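Source file: entry.txt (compact mmCIF, C-alpha atoms (C1' of nucleotides))
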# COMPACT_ATOMS: atom_id res chain seq x y z
CA MET E 1 26.66 5.43 17.11
CA PRO E 2 27.62 7.16 13.89
CA GLN E 3 28.83 10.69 14.13
CA LYS E 4 27.52 11.35 10.66
CA PRO E 5 24.40 9.31 10.95
CA ASP E 6 22.61 9.81 7.68
CA ASP E 7 23.94 9.61 4.21
CA PRO E 8 22.15 12.45 2.44
CA ALA E 9 23.09 11.13 -0.98
CA LEU E 10 21.50 7.73 -0.40
CA PHE E 11 18.46 9.23 1.30
CA ALA E 12 17.99 11.55 -1.63
CA LEU E 13 18.27 8.65 -4.06
CA PHE E 14 15.65 6.55 -2.30
CA ASN E 15 13.47 9.58 -1.93
CA GLU E 16 13.49 10.21 -5.68
CA ILE E 17 12.84 6.56 -6.34
CA GLY E 18 9.89 6.50 -3.98
CA ILE E 19 8.33 9.61 -5.47
CA ILE E 20 8.81 8.47 -9.06
CA ASN E 21 7.27 5.15 -8.21
CA GLN E 22 4.23 6.86 -6.76
CA LEU E 23 3.85 9.41 -9.54
CA ALA E 24 4.22 6.85 -12.31
CA THR E 25 1.79 4.48 -10.65
CA THR E 26 -0.96 7.04 -10.24
CA LEU E 27 -0.33 8.50 -13.70
CA PHE E 28 -0.72 5.09 -15.31
CA GLU E 29 -3.67 4.02 -13.19
CA ARG E 30 -5.52 7.15 -14.14
CA VAL E 31 -5.55 6.23 -17.80
CA MET E 32 -5.84 2.45 -17.70
CA PRO E 33 -9.21 0.92 -18.53
CA HIS E 34 -11.07 -1.86 -16.71
CA ASP E 35 -9.96 -0.46 -13.33
CA LEU E 36 -6.62 -2.09 -13.90
CA THR E 37 -3.91 -1.32 -11.39
CA VAL E 38 -0.25 -1.37 -12.30
CA ALA E 39 0.18 -4.65 -10.40
CA GLN E 40 -2.68 -6.19 -12.35
CA PHE E 41 -1.53 -4.83 -15.68
CA SER E 42 2.03 -6.00 -15.11
CA LEU E 43 0.87 -9.51 -14.40
CA LEU E 44 -1.45 -9.49 -17.40
CA ASN E 45 1.32 -8.16 -19.60
CA HIS E 46 3.70 -10.81 -18.32
CA LEU E 47 1.23 -13.58 -19.04
CA SER E 48 0.49 -12.21 -22.49
CA ARG E 49 4.11 -12.79 -23.45
CA ARG E 50 4.24 -16.47 -22.63
CA GLU E 51 1.74 -18.89 -24.00
CA ASP E 52 2.02 -21.46 -21.24
CA PRO E 53 0.33 -20.88 -17.89
CA GLN E 54 2.59 -20.15 -14.93
CA ALA E 55 2.59 -21.24 -11.30
CA PRO E 56 1.68 -18.49 -8.80
CA LEU E 57 4.91 -18.96 -6.90
CA LYS E 58 6.93 -18.56 -10.06
CA LEU E 59 5.04 -15.37 -10.81
CA ALA E 60 5.63 -14.10 -7.28
CA ASN E 61 9.36 -14.67 -7.73
CA ALA E 62 9.38 -13.02 -11.13
CA PHE E 63 7.82 -9.88 -9.66
CA GLN E 64 9.63 -10.06 -6.35
CA VAL E 65 6.45 -9.96 -4.33
CA SER E 66 5.31 -12.33 -1.59
CA LYS E 67 3.12 -15.25 -2.48
CA GLY E 68 0.32 -13.65 -0.49
CA THR E 69 0.47 -10.55 -2.64
CA MET E 70 0.50 -12.60 -5.82
CA SER E 71 -2.41 -14.65 -4.56
CA SER E 72 -4.40 -11.46 -4.09
CA THR E 73 -3.57 -10.00 -7.49
CA ILE E 74 -4.38 -13.27 -9.24
CA GLY E 75 -7.70 -13.38 -7.40
CA ARG E 76 -8.67 -9.93 -8.59
CA LEU E 77 -7.78 -10.67 -12.19
CA GLU E 78 -9.68 -13.92 -11.90
CA SER E 79 -12.79 -12.05 -10.69
CA LYS E 80 -12.55 -9.86 -13.74
CA GLY E 81 -12.28 -12.92 -15.96
CA PHE E 82 -8.85 -11.89 -17.21
CA VAL E 83 -6.98 -14.96 -16.02
CA GLU E 84 -7.91 -18.55 -15.52
CA VAL E 85 -6.52 -20.63 -12.67
CA THR E 86 -6.31 -24.38 -13.08
CA PRO E 87 -4.94 -27.05 -10.77
CA ASN E 88 -1.61 -28.67 -11.52
CA PRO E 89 -2.53 -32.24 -12.39
CA LYS E 90 0.91 -33.46 -11.37
CA ASP E 91 0.92 -31.81 -7.95
CA GLY E 92 -2.13 -31.38 -5.75
CA ARG E 93 -0.65 -28.27 -4.13
CA GLY E 94 0.13 -26.46 -7.32
CA LYS E 95 -1.83 -24.30 -9.73
CA PHE E 96 -1.36 -22.68 -13.10
CA VAL E 97 -2.40 -19.20 -14.14
CA GLY E 98 -3.13 -18.44 -17.78
CA ILE E 99 -4.47 -15.37 -19.53
CA THR E 100 -7.93 -15.53 -21.13
CA GLU E 101 -9.07 -14.04 -24.43
CA THR E 102 -10.85 -11.31 -22.47
CA GLY E 103 -7.69 -10.74 -20.49
CA LEU E 104 -5.59 -10.41 -23.60
CA ALA E 105 -8.06 -7.88 -24.99
CA ALA E 106 -7.95 -5.93 -21.74
CA ARG E 107 -4.18 -5.96 -21.81
CA ASN E 108 -4.21 -4.62 -25.35
CA ASP E 109 -6.71 -1.92 -24.35
CA ALA E 110 -4.42 -0.90 -21.54
CA VAL E 111 -1.35 -0.80 -23.74
CA ALA E 112 -3.23 1.43 -26.18
CA ALA E 113 -4.42 3.68 -23.36
CA LEU E 114 -0.90 4.00 -22.02
CA GLY E 115 0.41 4.85 -25.46
CA PRO E 116 0.16 8.64 -25.29
CA ASP E 117 1.77 8.92 -21.88
CA LEU E 118 4.56 6.57 -22.84
CA ALA E 119 5.12 8.34 -26.13
CA TRP E 120 5.29 11.65 -24.31
CA LEU E 121 7.74 10.25 -21.78
CA SER E 122 9.79 8.70 -24.54
CA ASP E 123 9.97 12.06 -26.30
CA GLU E 124 10.88 13.93 -23.16
CA THR E 125 13.64 11.50 -22.26
CA THR E 126 15.34 11.10 -25.63
CA SER E 127 18.31 13.03 -24.29
CA HIS E 128 18.59 10.69 -21.33
CA ASP E 129 20.32 7.37 -21.47
CA ILE E 130 17.37 5.41 -20.14
CA SER E 131 19.01 2.05 -20.67
CA GLY E 132 22.13 3.17 -18.90
CA LEU E 133 20.07 4.53 -16.05
CA THR E 134 18.18 1.28 -15.83
CA GLN E 135 21.38 -0.69 -15.70
CA GLN E 136 22.75 1.41 -12.88
CA LEU E 137 19.55 0.88 -10.96
CA ALA E 138 19.67 -2.83 -11.68
CA THR E 139 23.06 -3.00 -10.01
CA ILE E 140 21.66 -1.40 -6.88
CA ARG E 141 18.61 -3.61 -7.02
CA LYS E 142 20.80 -6.69 -7.09
CA LEU E 143 22.70 -5.44 -4.06
CA LEU E 144 19.51 -4.95 -2.10
CA ASP E 145 18.20 -8.27 -3.27
CA ALA E 146 21.33 -10.07 -2.08
CA ARG E 147 21.19 -8.25 1.25
CA ARG E 148 17.60 -9.33 1.78
CA ASP E 149 18.52 -12.99 1.87
CA SER E 150 21.45 -12.49 4.20
CA MET X 1 -3.43 0.77 -32.11
CA PRO X 2 0.32 1.15 -31.91
CA GLN X 3 2.41 -1.29 -33.83
CA LYS X 4 5.11 -1.03 -31.23
CA PRO X 5 2.88 -0.67 -28.27
CA ASP X 6 5.21 -0.79 -25.33
CA ASP X 7 8.46 0.92 -24.78
CA PRO X 8 10.60 -1.79 -23.25
CA ALA X 9 13.21 0.68 -22.05
CA LEU X 10 10.73 2.73 -20.06
CA PHE X 11 8.94 -0.33 -18.73
CA ALA X 12 12.26 -1.73 -17.58
CA LEU X 13 13.13 1.53 -15.88
CA PHE X 14 9.89 1.73 -13.94
CA ASN X 15 10.17 -1.92 -13.11
CA GLU X 16 13.58 -1.44 -11.52
CA ILE X 17 12.36 1.62 -9.68
CA GLY X 18 9.38 -0.27 -8.29
CA ILE X 19 11.45 -3.19 -7.13
CA ILE X 20 14.13 -1.03 -5.53
CA ASN X 21 11.47 0.93 -3.74
CA GLN X 22 9.99 -2.24 -2.34
CA LEU X 23 13.31 -3.85 -1.39
CA ALA X 24 14.66 -0.73 0.29
CA THR X 25 11.44 -0.18 2.19
CA THR X 26 11.31 -3.68 3.62
CA LEU X 27 15.04 -3.72 4.33
CA PHE X 28 14.79 -0.52 6.34
CA GLU X 29 11.59 -1.44 8.12
CA ARG X 30 13.12 -4.69 9.26
CA VAL X 31 15.79 -2.90 11.26
CA MET X 32 13.98 0.20 12.49
CA PRO X 33 12.90 0.28 16.13
CA HIS X 34 9.56 1.39 17.60
CA ASP X 35 7.70 -0.24 14.71
CA LEU X 36 8.57 2.74 12.59
CA THR X 37 7.69 2.55 8.94
CA VAL X 38 9.62 4.42 6.28
CA ALA X 39 6.76 6.90 5.95
CA GLN X 40 6.78 7.53 9.68
CA PHE X 41 10.55 7.77 9.90
CA SER X 42 10.75 10.15 6.97
CA LEU X 43 8.26 12.48 8.57
CA LEU X 44 10.02 12.29 11.93
CA ASN X 45 13.35 12.94 10.26
CA HIS X 46 11.93 15.90 8.37
CA LEU X 47 10.50 17.40 11.54
CA SER X 48 13.76 16.85 13.41
CA ARG X 49 15.52 19.16 11.00
CA ARG X 50 13.29 22.18 11.54
CA GLU X 51 12.56 23.57 14.94
CA ASP X 52 9.20 25.13 14.08
CA PRO X 53 6.08 22.98 13.76
CA GLN X 54 4.67 22.50 10.27
CA ALA X 55 1.15 22.46 8.88
CA PRO X 56 -0.08 19.03 7.71
CA LEU X 57 -0.80 20.32 4.23
CA LYS X 58 2.69 21.71 3.91
CA LEU X 59 4.07 18.34 4.98
CA ALA X 60 1.84 16.54 2.48
CA ASN X 61 3.21 18.76 -0.29
CA ALA X 62 6.79 18.27 0.83
CA PHE X 63 6.39 14.50 0.62
CA GLN X 64 4.12 14.54 -2.43
CA VAL X 65 1.41 12.54 -0.72
CA SER X 66 -2.28 13.35 -0.40
CA LYS X 67 -3.52 15.14 2.67
CA GLY X 68 -5.41 12.02 3.65
CA THR X 69 -2.22 10.01 3.68
CA MET X 70 -0.42 12.65 5.71
CA SER X 71 -3.34 12.80 8.11
CA SER X 72 -3.00 9.07 8.69
CA THR X 73 0.76 9.10 9.20
CA ILE X 74 0.57 12.04 11.59
CA GLY X 75 -2.12 10.21 13.55
CA ARG X 76 0.05 7.15 13.98
CA LEU X 77 3.04 9.16 15.13
CA GLU X 78 0.79 11.05 17.49
CA SER X 79 -0.46 7.77 19.01
CA LYS X 80 3.14 6.81 19.64
CA GLY X 81 3.77 10.16 21.29
CA PHE X 82 6.39 11.09 18.71
CA VAL X 83 4.69 14.22 17.42
CA GLU X 84 2.40 16.78 18.95
CA VAL X 85 -0.43 18.39 17.02
CA THR X 86 -1.63 21.81 18.07
CA PRO X 87 -4.26 24.08 16.55
CA ASN X 88 -3.22 27.10 14.55
CA PRO X 89 -4.32 30.00 16.72
CA LYS X 90 -4.59 32.25 13.68
CA ASP X 91 -6.75 29.89 11.60
CA GLY X 92 -9.38 27.61 13.04
CA ARG X 93 -8.94 25.15 10.18
CA GLY X 94 -5.20 24.80 10.50
CA LYS X 95 -2.93 22.74 12.70
CA PHE X 96 0.75 22.48 13.42
CA VAL X 97 2.78 19.34 13.85
CA GLY X 98 5.92 19.35 15.96
CA ILE X 99 8.28 16.61 17.06
CA THR X 100 8.42 15.70 20.77
CA GLU X 101 11.45 14.82 22.85
CA THR X 102 10.41 11.19 22.68
CA GLY X 103 10.03 11.51 18.93
CA LEU X 104 13.46 12.98 18.55
CA ALA X 105 14.92 10.12 20.59
CA ALA X 106 13.05 7.60 18.43
CA ARG X 107 14.35 9.27 15.30
CA ASN X 108 17.89 9.05 16.63
CA ASP X 109 17.40 5.40 17.54
CA ALA X 110 16.23 4.74 14.00
CA VAL X 111 19.13 6.56 12.42
CA ALA X 112 21.51 4.50 14.54
CA ALA X 113 19.72 1.28 13.61
CA LEU X 114 19.89 2.17 9.92
CA GLY X 115 23.59 2.93 10.19
CA PRO X 116 24.98 -0.49 9.29
CA ASP X 117 22.76 -0.96 6.26
CA LEU X 118 23.46 2.53 5.00
CA ALA X 119 27.18 2.13 5.59
CA TRP X 120 27.13 -1.13 3.69
CA LEU X 121 25.21 0.45 0.83
CA SER X 122 27.54 3.41 0.83
CA ASP X 123 30.52 1.07 0.57
CA GLU X 124 28.98 -1.01 -2.17
CA THR X 125 28.09 2.02 -4.24
CA THR X 126 31.30 4.01 -4.01
CA SER X 127 31.99 3.27 -7.63
CA HIS X 128 28.59 4.62 -8.61
CA ASP X 129 27.86 8.26 -9.06
CA ILE X 130 24.92 8.30 -6.67
CA SER X 131 24.45 12.04 -6.89
CA GLY X 132 24.47 11.95 -10.65
CA LEU X 133 22.00 9.11 -10.64
CA THR X 134 19.78 11.02 -8.25
CA GLN X 135 19.87 14.06 -10.48
CA GLN X 136 18.88 12.07 -13.52
CA LEU X 137 15.97 10.63 -11.59
CA ALA X 138 15.01 14.07 -10.34
CA THR X 139 14.66 15.22 -13.93
CA ILE X 140 12.27 12.39 -14.65
CA ARG X 141 10.42 13.02 -11.41
CA LYS X 142 9.87 16.63 -12.41
CA LEU X 143 8.51 15.53 -15.77
CA LEU X 144 6.01 13.22 -14.13
CA ASP X 145 5.11 15.83 -11.59
CA ALA X 146 4.37 18.39 -14.28
CA ARG X 147 2.32 15.86 -16.21
CA ARG X 148 0.23 15.11 -13.16
CA ASP X 149 -1.12 18.62 -12.99
CA SER X 150 -1.92 18.83 -16.68
C1' DG A 1 -24.03 40.77 6.44
C1' DG A 2 -25.50 36.74 4.06
C1' DA A 3 -24.61 33.50 0.37
C1' DA A 4 -21.30 31.32 -2.43
C1' DT A 5 -16.80 29.62 -2.77
C1' DA A 6 -12.37 28.11 -1.14
C1' DA A 7 -9.22 25.90 1.93
C1' DA A 8 -7.54 22.63 5.87
C1' DG A 9 -8.22 18.31 7.81
C1' DT A 10 -10.61 13.89 8.42
C1' DT A 11 -12.95 9.86 6.94
C1' DT A 12 -14.16 6.14 3.72
C1' DG A 13 -13.47 2.53 0.50
C1' DA A 14 -10.42 0.43 -2.46
C1' DT A 15 -5.77 -1.88 -3.72
C1' DA A 16 -0.92 -3.28 -2.79
C1' DT A 17 2.19 -4.94 0.18
C1' DC A 18 4.54 -7.67 3.93
C1' DA A 19 5.08 -11.04 7.59
C1' DA A 20 3.20 -14.65 9.89
C1' DA A 21 -0.15 -18.10 10.68
C1' DC A 22 -2.70 -21.62 8.53
C1' DT A 23 -4.26 -25.65 5.20
C1' DA A 24 -3.29 -29.14 2.24
C1' DT A 25 -0.27 -31.98 -0.31
C1' DA A 26 4.38 -34.07 -1.14
C1' DT A 27 8.77 -35.81 0.10
C1' DA A 28 12.31 -37.76 3.33
C1' DG A 29 14.11 -40.45 6.91
C1' DT A 30 14.06 -44.06 9.70
C1' DA P 1 4.48 -47.42 6.53
C1' DC P 2 4.75 -43.48 9.72
C1' DT P 3 6.47 -39.50 11.25
C1' DA P 4 8.71 -35.28 10.31
C1' DT P 5 9.68 -31.78 7.28
C1' DA P 6 9.20 -29.09 3.22
C1' DT P 7 6.49 -26.81 -0.33
C1' DA P 8 2.29 -24.36 -2.72
C1' DG P 9 -1.34 -21.41 -1.83
C1' DT P 10 -4.57 -18.82 1.12
C1' DT P 11 -5.84 -15.98 4.87
C1' DT P 12 -5.17 -12.41 8.40
C1' DG P 13 -3.84 -8.12 10.32
C1' DA P 14 -1.23 -4.20 9.73
C1' DT P 15 0.38 0.16 7.07
C1' DA P 16 0.59 3.16 2.93
C1' DT P 17 -1.59 5.16 -0.61
C1' DC P 18 -5.14 7.47 -3.64
C1' DA P 19 -9.48 9.64 -4.89
C1' DA P 20 -13.61 11.31 -3.39
C1' DA P 21 -16.92 12.64 -0.01
C1' DC P 22 -17.46 15.16 4.11
C1' DT P 23 -16.87 18.81 8.13
C1' DT P 24 -15.39 22.95 9.70
C1' DT P 25 -13.63 27.45 9.26
C1' DA P 26 -12.19 31.49 6.08
C1' DT P 27 -12.70 34.47 2.47
C1' DT P 28 -15.15 36.80 -1.32
C1' DC P 29 -18.65 39.04 -3.46
C1' DC P 30 -22.45 41.26 -4.08
Go through the file and emit its structure as structure tokens.
Amino acid sequence: MPQKPDDPALFALFNEIGIINQLATTLFERVMPHDLTVAQFSLLNHLSRREDPQAPLKLANAFQVSKGTMSSTIGRLESKGFVEVTPNPKDGRGKFVGITETGLAARNDAVAALGPDLAWLSDETTSHDISGLTQQLATIRKLLDARRDS
Amino acid sequence: MPQKPDDPALFALFNEIGIINQLATTLFERVMPHDLTVAQFSLLNHLSRREDPQAPLKLANAFQVSKGTMSSTIGRLESKGFVEVTPNPKDGRGKFVGITETGLAARNDAVAALGPDLAWLSDETTSHDISGLTQQLATIRKLLDARRDS
DNA sequence: GGAATAAAGTTTGATATCAAACTATATAGT
DNA sequence: ACTATATAGTTTGATATCAAACTTTATTCC
């Protein structure tokens, strides 16, 4: 039973992280076209960068979400016609997810729509060392990630 | 149509923030008792620090969530008997939310259960300037917050 | 005072997310 | 081969979250 039970510094850090996550998500979702969510856009953006279709499980690992979550996001993008899911001919259990022409266009629309907000943020944060900040966070993320598997 | 459409640095930052948020949330929820979620614990913890009951709207603002979200979280804590909701005698629309004895005990249980993980994190991050990191993030949070209202 | 407006809470419908259960296919072990 | 186990995806049930619609009570403004 800790005498000094809560670490205010860590609580404050996670609090800021949680709020930023929420604010950025809603800010971006307000401007993105095609009713794209951040989860959907991120997946679309990821697929737009690699020509070869990817297995759902690999995508789930890349985004650190459960396979159930990835299954759901893929399904929604599929309904919109933005991705195409094909069976893995070598493995009856497996599938491949690839972006469609429509999906690529939607991704480009979204990138364009996000432009102003990102440019504004970029301007406002020129004095910050964003890369340095990101690296510090990456260190903490790796800690949490290692702890998860333990 | 931007030639350099995405700002990799900013995307990377928000990506880390999103993943940390998710990892920390699931890590904490795995150890907390009474089926407490982070949202529920945070509210309970907040209420444990002030003796006087708070209005739901005030709580929603403090946590930067919508009143609908706060309404839902309060309802769940009320079902568990951890908070008590009373009408505002001065204003028929208003309510007040206060923590119960049971709620305070649950909050203390949760703090104790979180102890080991927080201690571990604290140890692992001694070389990091957590406060400085938090302040940098707070600056960005304020930017996003201001943008939201514009 | 009565009508219009505002404010506090709740409800609804949608998405994201997890864990856990489930289905189907593949691989291992004997 | 046959059984047991492992792997890929899907489904289910729960919570969090938002925006928007809705209800109830206050306040404002002629």
*asked:* Residues near segment 12-18 of chain A, anyone? I mean within 10 Å using only C-alpha atoms (C1' of nucleotides), not counting same-chain ones fewer than 3 positions away, as a list in words.
replied: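 Close residues of segment 12-18 of chain A: Thr37, Val38, Ala39, Val65, Ser66, Gly68, Thr69, Met70, Ser72, Thr73 and Arg76 of chain E; Gln22 and Thr26 of chain X; DA14, DT15, DA16, DT17, DC18, DA19, DA20, DA21 and DC22 of chain P.
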_Taking only C-alpha atoms (C1' of nucleotides) into account, find every residue of chain A that has an atom no more than 9 Å from chain X, and write it out as a PyMOL selection string._
chain A and resi 7-11+17-18
Cα-based least-squares overlay of chain X on chain E, as a CSV table (one decimal) with C-alpha atoms, in the coordinates of the input:
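selection.csv, written as the output of this step:
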chain,number,residue,atom,x,y,z
X,1,MET,CA,26.2,6.5,17.6
X,2,PRO,CA,27.5,7.7,14.3
X,3,GLN,CA,28.7,11.3,14.1
X,4,LYS,CA,27.5,11.5,10.5
X,5,PRO,CA,24.5,9.4,10.9
X,6,ASP,CA,22.7,9.7,7.6
X,7,ASP,CA,24.0,9.5,4.2
X,8,PRO,CA,22.3,12.4,2.4
X,9,ALA,CA,23.2,11.0,-1.0
X,10,LEU,CA,21.6,7.7,-0.4
X,11,PHE,CA,18.6,9.2,1.3
X,12,ALA,CA,18.1,11.5,-1.7
X,13,LEU,CA,18.3,8.6,-4.1
X,14,PHE,CA,15.7,6.5,-2.3
X,15,ASN,CA,13.6,9.6,-1.9
X,16,GLU,CA,13.5,10.2,-5.7
X,17,ILE,CA,12.9,6.5,-6.3
X,18,GLY,CA,9.9,6.5,-4.0
X,19,ILE,CA,8.4,9.6,-5.5
X,20,ILE,CA,8.9,8.4,-9.0
X,21,ASN,CA,7.3,5.1,-8.2
X,22,GLN,CA,4.3,6.8,-6.7
X,23,LEU,CA,3.9,9.4,-9.5
X,24,ALA,CA,4.3,6.8,-12.3
X,25,THR,CA,1.8,4.5,-10.6
X,26,THR,CA,-0.9,7.0,-10.2
X,27,LEU,CA,-0.3,8.5,-13.7
X,28,PHE,CA,-0.7,5.1,-15.3
X,29,GLU,CA,-3.6,4.0,-13.2
X,30,ARG,CA,-5.5,7.2,-14.1
X,31,VAL,CA,-5.5,6.2,-17.8
X,32,MET,CA,-5.8,2.5,-17.7
X,33,PRO,CA,-9.2,0.9,-18.5
X,34,HIS,CA,-11.1,-1.9,-16.7
X,35,ASP,CA,-10.0,-0.5,-13.3
X,36,LEU,CA,-6.6,-2.1,-13.9
X,37,THR,CA,-3.9,-1.3,-11.4
X,38,VAL,CA,-0.2,-1.4,-12.3
X,39,ALA,CA,0.2,-4.7,-10.4
X,40,GLN,CA,-2.7,-6.2,-12.3
X,41,PHE,CA,-1.5,-4.8,-15.7
X,42,SER,CA,2.0,-6.0,-15.1
X,43,LEU,CA,0.9,-9.5,-14.4
X,44,LEU,CA,-1.5,-9.5,-17.4
X,45,ASN,CA,1.3,-8.2,-19.6
X,46,HIS,CA,3.7,-10.8,-18.4
X,47,LEU,CA,1.2,-13.6,-19.0
X,48,SER,CA,0.5,-12.2,-22.5
X,49,ARG,CA,4.1,-12.8,-23.5
X,50,ARG,CA,4.2,-16.5,-22.7
X,51,GLU,CA,1.7,-18.9,-24.1
X,52,ASP,CA,2.0,-21.5,-21.3
X,53,PRO,CA,0.3,-20.9,-17.9
X,54,GLN,CA,2.6,-20.2,-15.0
X,55,ALA,CA,2.6,-21.3,-11.3
X,56,PRO,CA,1.7,-18.5,-8.8
X,57,LEU,CA,4.9,-19.0,-6.9
X,58,LYS,CA,6.9,-18.6,-10.1
X,59,LEU,CA,5.0,-15.4,-10.8
X,60,ALA,CA,5.6,-14.1,-7.3
X,61,ASN,CA,9.4,-14.7,-7.8
X,62,ALA,CA,9.4,-13.0,-11.2
X,63,PHE,CA,7.8,-9.9,-9.7
X,64,GLN,CA,9.6,-10.1,-6.4
X,65,VAL,CA,6.5,-10.0,-4.3
X,66,SER,CA,5.3,-12.4,-1.6
X,67,LYS,CA,3.1,-15.3,-2.5
X,68,GLY,CA,0.3,-13.7,-0.5
X,69,THR,CA,0.5,-10.6,-2.7
X,70,MET,CA,0.5,-12.6,-5.8
X,71,SER,CA,-2.4,-14.7,-4.5
X,72,SER,CA,-4.4,-11.5,-4.1
X,73,THR,CA,-3.6,-10.0,-7.5
X,74,ILE,CA,-4.4,-13.3,-9.2
X,75,GLY,CA,-7.7,-13.4,-7.4
X,76,ARG,CA,-8.7,-10.0,-8.6
X,77,LEU,CA,-7.8,-10.7,-12.2
X,78,GLU,CA,-9.7,-13.9,-11.9
X,79,SER,CA,-12.8,-12.1,-10.7
X,80,LYS,CA,-12.6,-9.9,-13.7
X,81,GLY,CA,-12.3,-12.9,-16.0
X,82,PHE,CA,-8.9,-11.9,-17.2
X,83,VAL,CA,-7.0,-15.0,-16.0
X,84,GLU,CA,-7.9,-18.6,-15.5
X,85,VAL,CA,-6.6,-20.7,-12.7
X,86,THR,CA,-6.4,-24.4,-13.1
X,87,PRO,CA,-5.0,-27.1,-10.8
X,88,ASN,CA,-1.7,-28.7,-11.6
X,89,PRO,CA,-2.6,-32.2,-12.5
X,90,LYS,CA,0.8,-33.5,-11.5
X,91,ASP,CA,0.9,-31.8,-8.0
X,92,GLY,CA,-2.2,-31.4,-5.9
X,93,ARG,CA,-0.7,-28.3,-4.2
X,94,GLY,CA,0.1,-26.5,-7.4
X,95,LYS,CA,-1.9,-24.3,-9.8
X,96,PHE,CA,-1.4,-22.7,-13.1
X,97,VAL,CA,-2.4,-19.2,-14.2
X,98,GLY,CA,-3.2,-18.4,-17.8
X,99,ILE,CA,-4.5,-15.4,-19.5
X,100,THR,CA,-8.0,-15.5,-21.1
X,101,GLU,CA,-9.1,-14.0,-24.4
X,102,THR,CA,-10.9,-11.3,-22.5
X,103,GLY,CA,-7.7,-10.7,-20.5
X,104,LEU,CA,-5.6,-10.4,-23.6
X,105,ALA,CA,-8.1,-7.9,-25.0
X,106,ALA,CA,-8.0,-5.9,-21.7
X,107,ARG,CA,-4.2,-6.0,-21.8
X,108,ASN,CA,-4.2,-4.6,-25.3
X,109,ASP,CA,-6.7,-1.9,-24.3
X,110,ALA,CA,-4.4,-0.9,-21.5
X,111,VAL,CA,-1.4,-0.8,-23.7
X,112,ALA,CA,-3.3,1.5,-26.1
X,113,ALA,CA,-4.4,3.7,-23.3
X,114,LEU,CA,-0.9,4.0,-22.0
X,115,GLY,CA,0.4,4.9,-25.4
X,116,PRO,CA,0.2,8.7,-25.2
X,117,ASP,CA,1.8,8.9,-21.8
X,118,LEU,CA,4.6,6.6,-22.8
X,119,ALA,CA,5.1,8.4,-26.1
X,120,TRP,CA,5.3,11.7,-24.2
X,121,LEU,CA,7.8,10.2,-21.7
X,122,SER,CA,9.8,8.7,-24.5
X,123,ASP,CA,10.0,12.1,-26.2
X,124,GLU,CA,10.9,13.9,-23.1
X,125,THR,CA,13.6,11.5,-22.2
X,126,THR,CA,15.4,11.1,-25.6
X,127,SER,CA,18.3,13.0,-24.3
X,128,HIS,CA,18.6,10.7,-21.3
X,129,ASP,CA,20.3,7.3,-21.5
X,130,ILE,CA,17.4,5.4,-20.1
X,131,SER,CA,19.0,2.0,-20.7
X,132,GLY,CA,22.1,3.1,-18.9
X,133,LEU,CA,20.1,4.5,-16.1
X,134,THR,CA,18.2,1.3,-15.8
X,135,GLN,CA,21.4,-0.7,-15.7
X,136,GLN,CA,22.8,1.4,-12.9
X,137,LEU,CA,19.6,0.9,-11.0
X,138,ALA,CA,19.7,-2.9,-11.7
X,139,THR,CA,23.1,-3.0,-10.0
X,140,ILE,CA,21.7,-1.4,-6.9
X,141,ARG,CA,18.6,-3.7,-7.0
X,142,LYS,CA,20.8,-6.7,-7.1
X,143,LEU,CA,22.7,-5.5,-4.1
X,144,LEU,CA,19.5,-5.0,-2.1
X,145,ASP,CA,18.2,-8.3,-3.3
X,146,ALA,CA,21.4,-10.1,-2.1
X,147,ARG,CA,21.2,-8.3,1.2
X,148,ARG,CA,17.7,-9.4,1.8
X,149,ASP,CA,18.6,-13.0,1.8
X,150,SER,CA,21.5,-12.6,4.2
_What does the structure give for the distance between atom CA of Pro8 of chain X and atom CA of Ala119 of chain E, in Å to one decimal?_
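So the answer is 11.9 Å.
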*Using all atoms listed in the file, which chain X residues lie at most 8 Å away from chain E, written as a PyMOL selection string?*
chain X and resi 1-2+5-7+9-10+12-14+16-21+23-24+27+64+111-112+115+118+122+124-125+128+130-131+133-134+136-138+140-141+143-145+148
Residues of chain P no more than 9 Å from chain E, counting only C-alpha atoms (C1' of nucleotides): send them over as a PDB file with C-alpha atoms (C1' of nucleotides), keeping the file's coordinate frame.
ATOM      1  C1'  DT P   7       6.490 -26.810  -0.330  1.00  0.00           C
ATOM      2  C1'  DA P   8       2.290 -24.360  -2.720  1.00  0.00           C
ATOM      3  C1'  DG P   9      -1.340 -21.410  -1.830  1.00  0.00           C
ATOM      4  C1'  DT P  10      -4.570 -18.820   1.120  1.00  0.00           C
ATOM      5  C1'  DT P  11      -5.840 -15.980   4.870  1.00  0.00           C
ATOM      6  C1'  DT P  17      -1.590   5.160  -0.610  1.00  0.00           C
ATOM      7  C1'  DC P  18      -5.140   7.470  -3.640  1.00  0.00           C
TER       8       DC P  18
END
*Would you mind reading off the distance between atom CA of Leu77 of chain E and atom CA of Ala60 of chain E, one decimal, in Å?*
14.7 Å
_Atomic distance atom CA of Gly81 of chain E - atom CA of Thr102 of chain E, expressed in Å with one decimal_ = 6.9 Å
